[in-house]
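Participant: Contents are TSV, C-alpha atoms; file name my_file.tsv:
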```tsv
chain	number	residue	atom	x	y	z
Q	245	MET	CA	6.76	-14.14	7.74
Q	246	ALA	CA	3.62	-13.11	5.90
Q	247	ASP	CA	1.77	-15.26	3.39
Q	248	ILE	CA	2.43	-13.84	-0.08
Q	249	GLU	CA	-1.04	-14.67	-1.41
Q	250	ASN	CA	-2.72	-12.87	1.50
Q	251	ALA	CA	-0.34	-9.97	0.91
Q	252	ARG	CA	-1.33	-9.84	-2.77
Q	253	THR	CA	-5.01	-9.78	-1.80
Q	254	THR	CA	-4.42	-6.98	0.68
Q	255	PHE	CA	-2.31	-5.03	-1.81
Q	256	GLY	CA	-5.12	-5.37	-4.35
Q	257	LYS	CA	-7.53	-3.65	-1.97
Q	258	PHE	CA	-5.28	-0.60	-2.06
Q	259	ASP	CA	-4.35	-0.75	-5.76
Q	260	VAL	CA	-7.78	0.41	-6.89
Q	261	ASN	CA	-6.94	0.94	-10.57
Q	262	GLY	CA	-4.96	-2.30	-10.82
Q	263	ASP	CA	-1.82	-0.74	-12.28
Q	264	GLY	CA	0.47	-2.49	-9.82
Q	265	PHE	CA	1.16	0.59	-7.71
Q	266	VAL	CA	-0.53	2.26	-4.76
Q	267	THR	CA	-0.62	6.05	-4.72
Q	268	ALA	CA	-1.20	8.13	-1.62
Q	269	ASP	CA	-4.69	8.94	-2.91
Q	270	GLU	CA	-5.49	5.23	-3.37
Q	271	PHE	CA	-4.16	4.50	0.12
Q	272	LYS	CA	-6.27	7.27	1.66
Q	273	ALA	CA	-9.41	6.13	-0.19
Q	274	ALA	CA	-8.89	2.47	0.73
Q	275	MET	CA	-8.40	3.31	4.39
Q	276	ALA	CA	-11.59	5.40	4.38
Q	277	ALA	CA	-13.46	2.52	2.70
Q	278	MET	CA	-12.23	0.21	5.46
Q	279	GLY	CA	-13.59	2.57	8.10
Q	280	ASP	CA	-10.60	4.80	8.90
Q	281	PRO	CA	-11.56	8.35	7.92
Q	282	PHE	CA	-8.62	9.79	9.85
Q	283	VAL	CA	-6.00	9.01	7.20
Q	284	THR	CA	-5.53	12.45	5.67
Q	285	GLY	CA	-3.61	13.31	2.52
Q	286	PRO	CA	-0.42	14.17	4.45
Q	287	VAL	CA	-0.68	10.96	6.49
Q	288	ALA	CA	-1.14	8.89	3.31
Q	289	ASP	CA	1.85	10.67	1.72
Q	290	ALA	CA	3.97	9.86	4.79
Q	291	VAL	CA	2.95	6.19	4.83
Q	292	ILE	CA	3.74	5.73	1.13
Q	293	ALA	CA	7.04	7.65	1.48
Q	294	ALA	CA	8.09	5.46	4.42
Q	295	LYS	CA	7.66	2.28	2.38
Q	296	ASP	CA	8.74	3.65	-1.03
Q	297	ALA	CA	12.24	2.22	-1.39
Q	298	ASN	CA	13.01	3.71	-4.82
Q	299	GLY	CA	11.56	7.17	-4.16
Q	300	ASP	CA	9.14	7.25	-7.08
Q	301	GLY	CA	6.19	8.26	-4.89
Q	302	LEU	CA	4.41	4.95	-5.50
Q	303	LEU	CA	4.19	1.74	-3.53
Q	304	SER	CA	4.87	-1.35	-5.64
Q	305	PHE	CA	3.95	-4.84	-4.49
Q	306	ASP	CA	7.64	-5.63	-3.92
Q	307	GLU	CA	7.97	-2.60	-1.64
Q	308	PHE	CA	4.77	-3.58	0.16
Q	309	TRP	CA	5.97	-7.17	0.55
Q	310	THR	CA	9.29	-5.98	1.95
Q	311	SER	CA	7.50	-3.76	4.46
Q	312	VAL	CA	5.25	-6.55	5.77
Q	313	ASN	CA	8.25	-8.83	6.24
Q	314	LYS	CA	10.32	-6.46	8.39
```
Would you put the structure from the file into structure tokens?
Facilitator:
Amino acid sequence: MADIENARTTFGKFDVNGDGFVTADEFKAAMAAMGDPFVTGPVADAVIAAKDANGDGLLSFDEFWTSVNK
């Protein structure tokens, strides 16, 4: 099981505007900033969609936490 505080720190790196949600654009930008320029818009959309339990197109911390504990 993951450490929730580490998960919050990691989530914060992706939630650039601090609104509590990660968009595909934020995910793509964060991955590029961490050295992965190969995450394209469609890839970012697919990653968010795969973890987006309620289908709102956003990744909440709860959805992120659930995904890291699978």
Participant: Between atom CA of Q:Phe271 and atom CA of Q:Asp300, what is the distance, to one decimal in Å?
Facilitator: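 Separation of atom CA of Q:Phe271 and atom CA of Q:Asp300: 15.4 Å.
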Participant: Fewer than 4 positions away in the same chain doesn't count, so skip those; otherwise give me all residues within 10 Å of Q:Ile292, counting all atoms listed in the file, as a short mmCIF file (atom, residue, chain, number, x, y, z; two decimals) with C-alpha atoms, in the frame of the given file.
Facilitator:
```cif
data_model
loop_
_atom_site.label_atom_id
_atom_site.label_comp_id
_atom_site.auth_asym_id
_atom_site.auth_seq_id
_atom_site.Cartn_x
_atom_site.Cartn_y
_atom_site.Cartn_z
CA VAL Q 266 -0.53 2.26 -4.76
CA THR Q 267 -0.62 6.05 -4.72
CA ALA Q 268 -1.20 8.13 -1.62
CA ASP Q 269 -4.69 8.94 -2.91
CA PHE Q 271 -4.16 4.50 0.12
CA PRO Q 286 -0.42 14.17 4.45
CA VAL Q 287 -0.68 10.96 6.49
CA ALA Q 288 -1.14 8.89 3.31
CA ASP Q 296 8.74 3.65 -1.03
CA ALA Q 297 12.24 2.22 -1.39
CA GLY Q 299 11.56 7.17 -4.16
CA ASP Q 300 9.14 7.25 -7.08
CA GLY Q 301 6.19 8.26 -4.89
CA LEU Q 302 4.41 4.95 -5.50
CA LEU Q 303 4.19 1.74 -3.53
CA SER Q 304 4.87 -1.35 -5.64
CA GLU Q 307 7.97 -2.60 -1.64
CA PHE Q 308 4.77 -3.58 0.16
#
```
Participant: For Q:Phe255, which residue among Q:Ala290, Q:Gly279, Q:Glu270, Q:Lys314 is the nearest when counting all atoms listed in the file?
Facilitator: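 Looking at the shortest contact to Q:Phe255, the residue is Q:Glu270.
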Participant: Give the answer as one residue: which of Q:Ala274, Q:Thr284, Q:Asn313, Q:Lys295 has the shortest atom-to-atom distance to Q:Thr254, using all atoms listed in the file?
Facilitator: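 Of all the options, Q:Ala274 lies closest to Q:Thr254.
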Participant: Between Q:Ala251, Q:Phe265, Q:Asp280, Q:Gly285, which residue has the minimum interatomic distance to Q:Ser311, considering only C-alpha atoms?
Facilitator: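 Under the stated criterion, the closest residue is Q:Ala251.
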Participant: As an exercise, work out the distance from atom CA of Q:Ala273 to atom CA of Q:Phe258 in Å and give it to one decimal place.
Facilitator: 8.1 Å
Participant: So how far away is atom CA of Q:Gly264 from atom CA of Q:Ala294, in Å?
Facilitator: 18.0 Å
